[in-house]
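This is final-v8.pdb (PDB, C-alpha atoms).
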MODEL        1
ATOM      1  CA  MET A   1     108.002 106.587  95.203
ATOM      2  CA  ASN A   2     111.768 106.359  95.643
ATOM      3  CA  LEU A   3     112.882 107.593  92.227
ATOM      4  CA  HIS A   4     116.534 107.738  93.286
ATOM      5  CA  GLU A   5     116.580 103.946  93.536
ATOM      6  CA  LEU A   6     114.428 103.435  90.429
ATOM      7  CA  PRO A   7     117.149 101.540  88.490
ATOM      8  CA  MET A   8     117.513  98.998  91.313
ATOM      9  CA  ILE A   9     113.751  98.777  91.795
ATOM     10  CA  VAL A  10     113.294  97.907  88.119
ATOM     11  CA  PHE A  11     116.277  95.560  88.041
ATOM     12  CA  THR A  12     115.429  93.513  91.125
ATOM     13  CA  VAL A  13     111.734  93.137  90.296
ATOM     14  CA  LEU A  14     112.220  92.290  86.603
ATOM     15  CA  ALA A  15     115.108  89.917  87.310
ATOM     16  CA  GLN A  16     113.087  88.102  89.948
ATOM     17  CA  MET A  17     110.099  87.860  87.614
ATOM     18  CA  SER A  18     112.370  86.393  84.911
ATOM     19  CA  VAL A  19     113.756  83.767  87.280
ATOM     20  CA  GLY A  20     110.287  82.884  88.534
ATOM     21  CA  ALA A  21     108.903  82.570  85.013
ATOM     22  CA  PHE A  22     111.767  80.285  83.963
ATOM     23  CA  VAL A  23     111.256  78.015  86.970
ATOM     24  CA  VAL A  24     107.483  77.909  86.478
ATOM     25  CA  LEU A  25     107.939  77.050  82.798
ATOM     26  CA  GLY A  26     110.197  74.194  83.879
ATOM     27  CA  VAL A  27     107.540  72.901  86.264
ATOM     28  CA  VAL A  28     104.928  73.067  83.487
ATOM     29  CA  GLN A  29     107.282  71.172  81.166
ATOM     30  CA  VAL A  30     107.889  68.398  83.683
ATOM     31  CA  LEU A  31     104.275  67.975  84.791
ATOM     32  CA  ALA A  32     102.602  68.372  81.398
ATOM     33  CA  SER A  33     104.964  66.503  79.062
ATOM     34  CA  ARG A  34     103.919  63.051  80.243
ATOM     35  CA  ARG A  35     100.254  63.777  79.657
ATOM     36  CA  TYR A  36     100.255  65.978  76.555
ATOM     37  CA  GLY A  37     103.557  65.075  74.916
ATOM     38  CA  ARG A  38     106.707  67.172  74.730
ATOM     39  CA  ALA A  39     105.958  68.540  71.253
ATOM     40  CA  ALA A  40     102.584  69.939  72.345
ATOM     41  CA  VAL A  41     104.051  71.428  75.513
ATOM     42  CA  ASP A  42     106.929  73.031  73.587
ATOM     43  CA  ARG A  43     104.468  74.763  71.252
ATOM     44  CA  VAL A  44     102.847  76.421  74.266
ATOM     45  CA  THR A  45     105.892  77.125  76.436
ATOM     46  CA  ASP A  46     108.585  78.128  73.920
ATOM     47  CA  PRO A  47     107.140  81.592  73.083
ATOM     48  CA  ALA A  48     106.991  82.392  76.806
ATOM     49  CA  LEU A  49     110.587  81.221  77.156
ATOM     50  CA  TYR A  50     111.750  83.611  74.432
ATOM     51  CA  ALA A  51     110.140  86.550  76.275
ATOM     52  CA  ILE A  52     112.160  85.950  79.462
ATOM     53  CA  GLY A  53     115.491  87.027  77.966
ATOM     54  CA  PRO A  54     114.450  90.550  76.880
ATOM     55  CA  THR A  55     112.809  91.103  80.275
ATOM     56  CA  LEU A  56     115.991  90.197  82.132
ATOM     57  CA  VAL A  57     118.178  92.223  79.768
ATOM     58  CA  LEU A  58     115.925  95.244  80.358
ATOM     59  CA  GLY A  59     116.444  94.813  84.091
ATOM     60  CA  LEU A  60     120.212  94.491  83.701
ATOM     61  CA  ILE A  61     120.333  97.648  81.577
ATOM     62  CA  ALA A  62     118.296  99.495  84.217
ATOM     63  CA  SER A  63     120.736  98.420  86.943
ATOM     64  CA  MET A  64     123.624 100.040  85.064
ATOM     65  CA  PHE A  65     122.069 103.481  85.601
ATOM     66  CA  HIS A  66     122.653 102.984  89.324
ATOM     67  CA  MET A  67     126.418 103.025  88.800
ATOM     68  CA  ASN A  68     128.506 106.170  88.460
ATOM     69  CA  ASP A  69     130.877 104.281  86.173
ATOM     70  CA  VAL A  70     129.690 101.099  84.451
ATOM     71  CA  MET A  71     133.301  99.992  84.035
ATOM     72  CA  ASN A  72     133.480  99.544  87.810
ATOM     73  CA  THR A  73     131.472  96.369  87.257
ATOM     74  CA  LEU A  74     134.654  94.702  86.048
ATOM     75  CA  ASN A  75     136.298  95.414  89.411
ATOM     76  CA  VAL A  76     133.290  94.251  91.403
ATOM     77  CA  VAL A  77     133.325  90.732  89.940
ATOM     78  CA  ARG A  78     136.867  90.198  91.193
ATOM     79  CA  HIS A  79     135.567  89.687  94.742
ATOM     80  CA  VAL A  80     133.093  86.873  94.109
ATOM     81  CA  GLU A  81     134.564  84.799  96.955
ATOM     82  CA  THR A  82     133.598  87.344  99.609
ATOM     83  CA  SER A  83     131.068  89.773  98.135
ATOM     84  CA  TRP A  84     127.356  89.118  97.622
ATOM     85  CA  LEU A  85     127.294  92.020  95.168
ATOM     86  CA  SER A  86     129.905  90.259  93.058
ATOM     87  CA  ARG A  87     127.896  87.049  93.257
ATOM     88  CA  GLU A  88     124.780  88.915  92.174
ATOM     89  CA  ILE A  89     126.510  90.279  89.078
ATOM     90  CA  VAL A  90     128.141  86.961  88.185
ATOM     91  CA  SER A  91     124.955  84.927  88.719
ATOM     92  CA  GLY A  92     122.889  87.522  86.833
ATOM     93  CA  VAL A  93     125.152  87.411  83.795
ATOM     94  CA  ALA A  94     125.364  83.607  84.044
ATOM     95  CA  PHE A  95     121.580  83.259  84.218
ATOM     96  CA  ALA A  96     121.165  85.515  81.191
ATOM     97  CA  GLY A  97     123.840  83.640  79.236
ATOM     98  CA  LEU A  98     122.576  80.175  80.120
ATOM     99  CA  GLY A  99     118.997  81.230  79.422
ATOM    100  CA  PHE A 100     120.002  82.558  75.999
ATOM    101  CA  LEU A 101     121.850  79.312  75.251
ATOM    102  CA  PHE A 102     118.851  77.242  76.336
ATOM    103  CA  ALA A 103     116.505  79.338  74.180
ATOM    104  CA  LEU A 104     118.754  78.754  71.166
ATOM    105  CA  ALA A 105     118.906  75.040  71.932
ATOM    106  CA  GLN A 106     115.104  74.910  72.066
ATOM    107  CA  TRP A 107     114.705  76.949  68.877
ATOM    108  CA  PHE A 108     117.107  74.864  66.800
ATOM    109  CA  ARG A 109     116.563  71.633  68.777
ATOM    110  CA  TRP A 110     120.267  71.298  69.490
ATOM    111  CA  GLY A 111     121.348  68.193  71.348
ATOM    112  CA  SER A 112     119.156  65.553  72.915
ATOM    113  CA  THR A 113     116.102  66.222  75.063
ATOM    114  CA  LEU A 114     118.030  65.078  78.131
ATOM    115  CA  LEU A 115     120.876  67.505  77.401
ATOM    116  CA  ARG A 116     118.448  70.410  77.082
ATOM    117  CA  GLN A 117     116.743  69.375  80.312
ATOM    118  CA  ILE A 118     120.085  69.384  82.144
ATOM    119  CA  LEU A 119     120.832  72.835  80.738
ATOM    120  CA  ALA A 120     117.409  74.024  81.896
ATOM    121  CA  VAL A 121     118.007  72.743  85.440
ATOM    122  CA  VAL A 122     121.411  74.434  85.615
ATOM    123  CA  THR A 123     119.862  77.680  84.361
ATOM    124  CA  ALA A 124     117.037  77.517  86.906
ATOM    125  CA  VAL A 125     119.433  76.859  89.794
ATOM    126  CA  THR A 126     121.595  79.777  88.641
ATOM    127  CA  GLY A 127     118.526  82.008  88.628
ATOM    128  CA  LEU A 128     117.607  80.979  92.172
ATOM    129  CA  VAL A 129     121.182  81.731  93.244
ATOM    130  CA  LEU A 130     120.756  85.165  91.660
ATOM    131  CA  VAL A 131     117.700  85.858  93.827
ATOM    132  CA  LEU A 132     119.545  84.593  96.903
ATOM    133  CA  SER A 133     122.508  86.857  96.128
ATOM    134  CA  MET A 134     120.195  89.841  95.727
ATOM    135  CA  SER A 135     118.570  89.254  99.092
ATOM    136  CA  MET A 136     121.859  88.622 100.901
ATOM    137  CA  ILE A 137     123.273  91.968  99.756
ATOM    138  CA  TYR A 138     120.621  93.651 101.892
ATOM    139  CA  TYR A 139     120.357  91.032 104.633
ATOM    140  CA  SER A 140     124.101  91.271 105.315
ATOM    141  CA  LEU A 141     123.761  94.942 106.299
ATOM    142  CA  SER A 142     123.300  94.441 110.034
ATOM    143  CA  THR A 143     123.108  98.207 110.603
ATOM    144  CA  VAL A 144     119.799  98.363 108.671
ATOM    145  CA  PRO A 145     117.195  96.577 110.849
ATOM    146  CA  ALA A 146     114.523  96.636 108.130
ATOM    147  CA  TRP A 147     116.802  94.627 105.822
ATOM    148  CA  HIS A 148     118.737  92.458 108.279
ATOM    149  CA  THR A 149     115.824  90.060 108.759
ATOM    150  CA  TRP A 150     114.490  86.766 107.438
ATOM    151  CA  ALA A 151     111.744  88.762 105.704
ATOM    152  CA  THR A 152     114.148  90.071 103.051
ATOM    153  CA  PRO A 153     114.938  86.732 101.338
ATOM    154  CA  ALA A 154     111.397  85.502 102.034
ATOM    155  CA  GLN A 155     109.870  88.532 100.317
ATOM    156  CA  PHE A 156     112.294  88.349  97.387
ATOM    157  CA  TYR A 157     111.429  84.711  96.709
ATOM    158  CA  ALA A 158     107.697  85.353  97.150
ATOM    159  CA  THR A 159     107.932  88.110  94.536
ATOM    160  CA  THR A 160     109.927  85.798  92.275
ATOM    161  CA  PHE A 161     107.333  83.050  92.153
ATOM    162  CA  LEU A 162     104.253  85.289  92.297
ATOM    163  CA  LEU A 163     105.286  87.434  89.339
ATOM    164  CA  GLY A 164     106.798  84.438  87.537
ATOM    165  CA  SER A 165     103.549  82.478  87.738
ATOM    166  CA  LEU A 166     101.397  85.360  86.528
ATOM    167  CA  ALA A 167     103.870  86.200  83.761
ATOM    168  CA  VAL A 168     103.659  82.649  82.428
ATOM    169  CA  GLY A 169      99.863  82.748  82.390
ATOM    170  CA  ALA A 170      99.845  86.097  80.564
ATOM    171  CA  ALA A 171     102.477  84.895  78.087
ATOM    172  CA  PHE A 172     100.524  81.725  77.272
ATOM    173  CA  MET A 173      97.332  83.610  76.482
ATOM    174  CA  GLY A 174      99.227  86.345  74.659
ATOM    175  CA  THR A 175     100.723  83.668  72.421
ATOM    176  CA  VAL A 176      97.260  82.354  71.547
ATOM    177  CA  LEU A 177      96.026  85.836  70.574
ATOM    178  CA  TRP A 178      99.207  86.540  68.604
ATOM    179  CA  ARG A 179      98.806  83.316  66.619
ATOM    180  CA  ARG A 180      95.168  84.149  65.887
ATOM    181  CA  ARG A 181      96.082  87.622  64.661
ATOM    182  CA  THR A 182      98.928  86.266  62.523
ATOM    183  CA  ALA A 183      96.611  83.698  60.956
ATOM    184  CA  ALA A 184      93.942  86.342  60.311
ATOM    185  CA  ARG A 185      96.420  88.617  58.538
ATOM    186  CA  SER A 186      97.296  85.803  56.163
ATOM    187  CA  GLY A 187      93.622  85.122  55.474
ATOM    188  CA  GLY A 188      93.387  81.999  57.598
ATOM    189  CA  THR A 189      92.235  81.079  61.071
ATOM    190  CA  TYR A 190      93.939  79.611  64.108
ATOM    191  CA  GLU A 191      92.218  77.390  66.611
ATOM    192  CA  ALA A 192      94.142  75.416  69.200
ATOM    193  CA  ASP A 193      93.504  71.690  69.188
ATOM    194  CA  ALA A 194      91.778  69.976  72.114
ATOM    195  CA  PRO A 195      94.980  68.853  73.943
ATOM    196  CA  THR A 196      96.451  72.355  73.682
ATOM    197  CA  ARG A 197      93.245  73.943  74.996
ATOM    198  CA  GLU A 198      93.214  71.498  77.897
ATOM    199  CA  LEU A 199      96.885  72.204  78.611
ATOM    200  CA  LEU A 200      96.262  75.966  78.604
ATOM    201  CA  SER A 201      93.241  75.751  80.876
ATOM    202  CA  THR A 202      95.022  73.433  83.313
ATOM    203  CA  THR A 203      98.057  75.704  83.420
ATOM    204  CA  LEU A 204      95.951  78.836  83.939
ATOM    205  CA  ARG A 205      94.095  77.198  86.810
ATOM    206  CA  GLY A 206      97.449  76.209  88.304
ATOM    207  CA  VAL A 207      98.727  79.779  87.876
ATOM    208  CA  GLY A 208      95.635  81.145  89.601
ATOM    209  CA  ILE A 209      95.904  78.727  92.518
ATOM    210  CA  ALA A 210      99.631  79.442  92.891
ATOM    211  CA  ALA A 211      98.957  83.198  92.854
ATOM    212  CA  VAL A 212      96.374  82.923  95.629
ATOM    213  CA  ALA A 213      98.714  80.731  97.703
ATOM    214  CA  LEU A 214     101.649  83.115  97.232
ATOM    215  CA  LEU A 215      99.395  86.053  98.066
ATOM    216  CA  GLY A 216      98.759  84.337 101.384
ATOM    217  CA  VAL A 217     102.508  83.955 101.906
ATOM    218  CA  GLU A 218     103.104  87.655 101.204
ATOM    219  CA  PHE A 219     100.272  88.700 103.510
ATOM    220  CA  LEU A 220     101.859  86.558 106.216
ATOM    221  CA  ILE A 221     105.380  87.918 105.733
ATOM    222  CA  ILE A 222     104.342  91.585 105.781
ATOM    223  CA  PRO A 223     102.580  91.749 109.187
ATOM    224  CA  LEU A 224     105.170  89.533 110.851
ATOM    225  CA  HIS A 225     107.953  91.734 109.524
ATOM    226  CA  LEU A 226     106.288  94.983 110.570
ATOM    227  CA  THR A 227     105.373  93.603 113.993
ATOM    228  CA  SER A 228     108.960  92.561 114.676
ATOM    229  CA  LEU A 229     110.291  95.966 113.584
ATOM    230  CA  SER A 230     107.800  97.852 115.739
ATOM    231  CA  ALA A 231     108.529  95.662 118.751
ATOM    232  CA  ALA A 232     112.280  96.263 118.407
ATOM    233  CA  GLY A 233     111.822 100.021 118.823
ATOM    234  CA  GLY A 234     114.345 102.696 117.885
ATOM    235  CA  VAL A 235     115.543 102.727 114.296
ATOM    236  CA  ALA A 236     113.617  99.531 113.527
ATOM    237  CA  ALA A 237     110.357 101.191 114.565
ATOM    238  CA  GLU A 238     111.201 104.199 112.395
ATOM    239  CA  SER A 239     111.605 101.843 109.444
ATOM    240  CA  ALA A 240     108.249 100.227 110.198
ATOM    241  CA  ALA A 241     106.594 103.655 110.011
ATOM    242  CA  VAL A 242     107.598 103.851 106.331
ATOM    243  CA  PHE A 243     105.039 101.151 105.591
ATOM    244  CA  SER A 244     102.086 103.039 107.054
ATOM    245  CA  GLY A 245     101.375 105.557 104.302
ATOM    246  CA  GLY A 246      99.228 105.702 101.192
ATOM    247  CA  TRP A 247     101.786 103.985  98.948
ATOM    248  CA  PHE A 248     101.783 100.982 101.265
ATOM    249  CA  VAL A 249      97.986 100.764 101.090
ATOM    250  CA  ALA A 250      98.146 101.094  97.299
ATOM    251  CA  ARG A 251     100.638  98.250  97.142
ATOM    252  CA  LEU A 252      98.385  95.971  99.217
ATOM    253  CA  VAL A 253      95.320  96.834  97.129
ATOM    254  CA  LEU A 254      97.078  96.177  93.808
ATOM    255  CA  VAL A 255      98.580  92.862  94.893
ATOM    256  CA  PHE A 256      95.317  91.693  96.469
ATOM    257  CA  ALA A 257      93.307  92.678  93.393
ATOM    258  CA  GLY A 258      95.698  91.014  90.962
ATOM    259  CA  ALA A 259      96.771  87.889  92.827
ATOM    260  CA  GLY A 260      93.526  87.490  94.753
ATOM    261  CA  LEU A 261      90.378  88.611  92.992
ATOM    262  CA  LEU A 262      91.511  88.251  89.378
ATOM    263  CA  ALA A 263      93.293  84.961  90.087
ATOM    264  CA  VAL A 264      90.072  83.521  91.523
ATOM    265  CA  PHE A 265      88.187  84.592  88.396
ATOM    266  CA  LEU A 266      90.949  83.018  86.301
ATOM    267  CA  VAL A 267      90.601  79.695  88.106
ATOM    268  CA  ARG A 268      86.823  79.695  87.695
ATOM    269  CA  ARG A 269      86.801  80.678  84.011
ATOM    270  CA  ALA A 270      89.742  78.615  82.767
ATOM    271  CA  SER A 271      88.298  75.624  80.917
ATOM    272  CA  PRO A 272      89.030  74.014  77.527
ATOM    273  CA  GLY A 273      85.898  75.630  76.076
ATOM    274  CA  SER A 274      86.504  79.153  77.378
ATOM    275  CA  ARG A 275      87.041  82.048  74.996
ATOM    276  CA  ALA A 276      90.646  83.153  74.698
ATOM    277  CA  VAL A 277      90.137  86.924  74.831
ATOM    278  CA  PRO A 278      88.580  87.126  78.333
ATOM    279  CA  LEU A 279      91.222  84.757  79.707
ATOM    280  CA  ALA A 280      93.967  86.830  78.095
ATOM    281  CA  VAL A 281      92.537  90.034  79.583
ATOM    282  CA  LEU A 282      92.298  88.460  83.040
ATOM    283  CA  SER A 283      95.844  87.105  82.846
ATOM    284  CA  ALA A 284      97.339  90.371  81.623
ATOM    285  CA  ALA A 285      95.401  92.473  84.128
ATOM    286  CA  ALA A 286      96.444  90.252  87.037
ATOM    287  CA  LEU A 287     100.102  90.512  86.013
ATOM    288  CA  ALA A 288      99.918  94.287  85.514
ATOM    289  CA  LEU A 289      98.310  94.911  88.909
ATOM    290  CA  VAL A 290     100.702  92.683  90.826
ATOM    291  CA  LEU A 291     103.725  94.050  88.951
ATOM    292  CA  GLY A 292     102.665  97.567  89.890
ATOM    293  CA  GLY A 293     102.177  96.514  93.500
ATOM    294  CA  GLU A 294     105.570  94.826  93.674
ATOM    295  CA  LEU A 295     107.318  97.865  92.179
ATOM    296  CA  ILE A 296     105.732 100.046  94.865
ATOM    297  CA  GLY A 297     106.676  97.488  97.508
ATOM    298  CA  ARG A 298     110.290  97.469  96.371
ATOM    299  CA  SER A 299     110.343 101.274  96.476
ATOM    300  CA  LEU A 300     109.150 101.148 100.097
ATOM    301  CA  PHE A 301     111.818  98.540 100.778
ATOM    302  CA  TYR A 302     114.517 101.032  99.785
ATOM    303  CA  ASP A 303     112.775 103.815 101.694
ATOM    304  CA  SER A 304     113.016 101.725 104.857
ATOM    305  CA  MET A 305     116.825 101.910 104.820
ATOM    306  CA  ILE A 306     117.384 103.700 108.140
ATOM    307  CA  ARG A 307     120.741 102.862 109.683
ATOM    308  CA  ILE A 308     121.691 102.356 113.303
ATOM    309  CA  GLY A 309     124.155 105.064 114.390
ATOM    310  CA  MET A 310     125.668 107.617 112.042
TER     311      MET A 310
ENDMDL
END

Reformat the file's structure so that it appears as structure tokens.
Amino acid sequence: MNLHELPMIVFTVLAQMSVGAFVVLGVVQVLASRRYGRAAVDRVTDPALYAIGPTLVLGLIASMFHMNDVMNTLNVVRHVETSWLSREIVSGVAFAGLGFLFALAQWFRWGSTLLRQILAVVTAVTGLVLVLSMSMIYYSLSTVPAWHTWATPAQFYATTFLLGSLAVGAAFMGTVLWRRRTAARSGGTYEADAPTRELLSTTLRGVGIAAVALLGVEFLIIPLHLTSLSAAGGVAAESAAVFSGGWFVARLVLVFAGAGLLAVFLVRRASPGSRAVPLAVLSAAALALVLGGELIGRSLFYDSMIRIGM
């Protein structure tokens, strides 16, 4: 793998997963609140929300190791009108700040429900702008055929929603197990009520279906991208050759296993009466496999940077 670009690999993948998870949580909130009530939905979604911030912060910290001098960041943000890199930094910090503010508002129930919903929408839009800014940094480099293509933003957004969906499913089931363990330590027991179990099973089935659909999108983007690079010849064809080795096969296997096979099992086994531990194992395993595959894929993305000319 491309260890030289490891900070950017970690940053881009974790940041995209954080944005995807936040958007997916918002969709769950909107669709489930009318049926199960906002209080019940908040009990399920809030713990997952609080896990997004540390994930994004970890990615931001990793990105700093890519800079020779972290203080140069202050100079970069001065060019937000013309630079996609500046927009990436500004939108990344804004997404983290707005997400932190929203998490506090949810924790302490600050303001009205409508006000928190507006804040959530603004945060989600900021996160999507962050992903767009990331992709445009690479797309704007017309001398790198492997990056200057529609496949770059398409792949970035596919990663965003694929990892975000699986992260939400894993977080939901992790919360259930954590509450059971906490109750057991205090000598009690925890068992989710019927509406909560139905909400969890419905969400997990939705996560599984979304993962399979997004897997199809990824497996459509990849061959189209490689075909266009090979057909262009020259430097573009050299870039396409990067995706023909063992790491590329490993990436496909991991993503297919996690977002395909395990997601199908998740859809079939997710029901209100299902045991929590197997569902938690399936959810966590699917996320781990796909996360590994996407990290490898992002490494290959950086490896494909072969410029036209000098």

Go through A:Ser283, A:Ser142, A:Thr227, A:Thr159 and flag the residue nearest A:Val207, using only C-alpha atoms for the distances.
A:Ser283

Counting all atoms listed in the file, which residues come within 9 Å of (114.0, 97.2, 86.9), with the point read in the file's coordinates, and could you list them as number ranges by chain?
A: 6-15, 56, 58-63, 295

Quick one: distance from atom CA of A:Asp46 to atom CA of A:Arg269 in Å, one decimal?
24.1 Å

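Look at A:Gly309: the protein and nucleic acid residues within 12 Å of it, using only C-alpha atoms and passing over chain neighbours fewer than 5 places away, are Ser142, Thr143, Val144, Pro145, Gly234, Val235 and Ala236 of chain A.
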
Residues within 10 Å of A:Ala48, all atoms listed in the file, excluding chain neighbours under 3 positions, as a compact mmCIF listing (two decimals) with C-alpha atoms, in the coordinates of the input:
# COMPACT_ATOMS: atom_id res chain seq x y z
CA ALA A 21 108.90 82.57 85.01
CA PHE A 22 111.77 80.28 83.96
CA LEU A 25 107.94 77.05 82.80
CA ASP A 42 106.93 73.03 73.59
CA ARG A 43 104.47 74.76 71.25
CA VAL A 44 102.85 76.42 74.27
CA THR A 45 105.89 77.12 76.44
CA ALA A 51 110.14 86.55 76.28
CA ILE A 52 112.16 85.95 79.46
CA GLY A 53 115.49 87.03 77.97
CA ALA A 167 103.87 86.20 83.76
CA VAL A 168 103.66 82.65 82.43
CA GLY A 169 99.86 82.75 82.39
CA ALA A 170 99.84 86.10 80.56
CA ALA A 171 102.48 84.90 78.09
CA PHE A 172 100.52 81.72 77.27
CA MET A 173 97.33 83.61 76.48
CA GLY A 174 99.23 86.34 74.66
CA THR A 175 100.72 83.67 72.42

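Excluding A:Ser140 itself and same-chain residues fewer than 4 positions from it, the residues having an atom within 12 Å of it are Thr82, Ser83, Trp84, Leu85, Leu132, Ser133, Met134, Ser135, Met136, Val144, Pro145, Ala146, Trp147, His148, Thr149, Trp150, Thr152 and Pro153 of chain A, counting all atoms listed in the file.
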
Requested write-out: C-alpha atoms of the selected residues, as a short mmCIF file (atom, residue, chain, number, x, y, z; two decimals), keeping the file's coordinate frame:
data_model
loop_
_atom_site.label_atom_id
_atom_site.label_comp_id
_atom_site.auth_asym_id
_atom_site.auth_seq_id
_atom_site.Cartn_x
_atom_site.Cartn_y
_atom_site.Cartn_z
CA THR A 82 133.60 87.34 99.61
CA SER A 83 131.07 89.77 98.14
CA TRP A 84 127.36 89.12 97.62
CA LEU A 85 127.29 92.02 95.17
CA LEU A 132 119.54 84.59 96.90
CA SER A 133 122.51 86.86 96.13
CA MET A 134 120.20 89.84 95.73
CA SER A 135 118.57 89.25 99.09
CA MET A 136 121.86 88.62 100.90
CA VAL A 144 119.80 98.36 108.67
CA PRO A 145 117.20 96.58 110.85
CA ALA A 146 114.52 96.64 108.13
CA TRP A 147 116.80 94.63 105.82
CA HIS A 148 118.74 92.46 108.28
CA THR A 149 115.82 90.06 108.76
CA TRP A 150 114.49 86.77 107.44
CA THR A 152 114.15 90.07 103.05
CA PRO A 153 114.94 86.73 101.34
#

What's the separation between atom CA of A:Ile222 and atom CA of A:Ala210, in Å to one decimal place?
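Interatomic distance, atom CA of A:Ile222 to atom CA of A:Ala210: 18.3 Å.
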
Contact residues around A:Val27 with all atoms listed in the file at 12 Å, ignoring same-chain residues under 5 positions, as a ChimeraX atom specification
/A:20-22,32-33,41,45,117,120-121,124,161,164-165,168,203,206-207

For the atom pair atom CA of A:Ser201 and atom CA of A:Pro272, what is the interatomic distance in Å to one decimal place?
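Computing the Euclidean distance for atom CA of A:Ser201 and atom CA of A:Pro272 yields 5.7 Å.
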
Env of A:Ala211: 8 Å cut, atoms = all atoms listed in the file, seq-sep filter 4 positions within chain, self excluded. Answer as a PyMOL selection string.
chain A and resi 162+165-166+207+215+259-260+263

Reference answer for the PyMOL selection byres ((chain A and resi 93) around 10), as a list in words:
Leu56, Val57, Leu60, Arg87, Glu88, Ile89, Val90, Ser91, Gly92, Ala94, Phe95, Ala96, Gly97, Leu98, Gly99, Thr126, Gly127 and Leu130 of chain A

Restricting the calculation to all atoms listed in the file, which member of A:Pro195, A:Gly297, A:Gly258, A:Gly292 is positioned closest to A:Val212?
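Under the stated criterion, the closest residue is A:Gly258.
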
Size and centre in Å, one decimal, axis-aligned box, all listed stretch 267-271 of chain A atoms plus 4 Å per side, as AutoDock Vina command-line options:
--center_x 88.7 --center_y 78.2 --center_z 84.5 --size_x 11.8 --size_y 13.1 --size_z 15.2

Hits from the PyMOL selection byres ((chain A and resi 36) around 12), listed as a ChimeraX atom specification
/A:28-35,37-44,193-200,202

Given the PyMOL selection byres ((chain A and resi 279) around 9) and the file above, list the residues it selects as a count of residues only.
16

Option closest in space to A:Asp303, from A:Val122, A:Ala151, A:Ala241, A:Ile137 [counting all atoms listed in the file]
A:Ala241

In terms of the shortest atom-to-atom distance over only C-alpha atoms, which of A:Gly111, A:Gly273, A:Gly26, A:Gly293 is closest to A:Ala257?
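So, comparing all the options, the nearest one is A:Gly293.
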
Dump C-alpha atoms of stretch 145-190 of chain A from the given block, as a compact mmCIF listing (two decimals), in the first residue's frame.
# COMPACT_ATOMS: atom_id res chain seq x y z
CA PRO A 145 -5.89 11.45 -16.24
CA ALA A 146 -6.79 8.95 -13.50
CA TRP A 147 -8.12 11.79 -11.33
CA HIS A 148 -9.47 14.24 -13.91
CA THR A 149 -12.61 12.19 -14.51
CA TRP A 150 -16.22 11.95 -13.37
CA ALA A 151 -15.25 8.77 -11.51
CA THR A 152 -13.41 10.72 -8.80
CA PRO A 153 -16.43 12.53 -7.28
CA ALA A 154 -18.65 9.52 -8.02
CA GLN A 155 -16.32 7.18 -6.13
CA PHE A 156 -15.91 9.61 -3.23
CA TYR A 157 -19.66 9.92 -2.75
CA ALA A 158 -20.17 6.16 -3.13
CA THR A 159 -17.62 5.60 -0.37
CA THR A 160 -19.32 8.26 1.75
CA PHE A 161 -22.73 6.63 1.73
CA LEU A 162 -21.54 3.01 1.73
CA LEU A 163 -19.34 3.41 4.80
CA GLY A 164 -21.81 5.80 6.42
CA SER A 165 -24.66 3.31 6.13
CA LEU A 166 -22.65 0.40 7.51
CA ALA A 167 -21.23 2.56 10.31
CA VAL A 168 -24.74 3.48 11.44
CA GLY A 169 -25.81 -0.16 11.51
CA ALA A 170 -22.73 -1.16 13.52
CA ALA A 171 -23.19 1.77 15.91
CA PHE A 172 -26.84 0.90 16.56
CA MET A 173 -26.07 -2.70 17.47
CA GLY A 174 -22.99 -1.69 19.43
CA THR A 175 -25.19 0.61 21.51
CA VAL A 176 -27.54 -2.27 22.33
CA LEU A 177 -24.66 -4.49 23.50
CA TRP A 178 -23.12 -1.63 25.49
CA ARG A 179 -26.41 -0.98 27.29
CA ARG A 180 -26.77 -4.68 28.09
CA ARG A 181 -23.25 -4.84 29.51
CA THR A 182 -23.78 -1.67 31.55
CA ALA A 183 -27.01 -3.05 32.98
CA ALA A 184 -25.35 -6.39 33.79
CA ARG A 185 -22.52 -4.68 35.67
CA SER A 186 -25.04 -2.93 37.88
CA GLY A 187 -26.85 -6.21 38.55
CA GLY A 188 -29.78 -5.53 36.26
CA THR A 189 -30.83 -6.42 32.75
CA TYR A 190 -31.55 -4.42 29.62
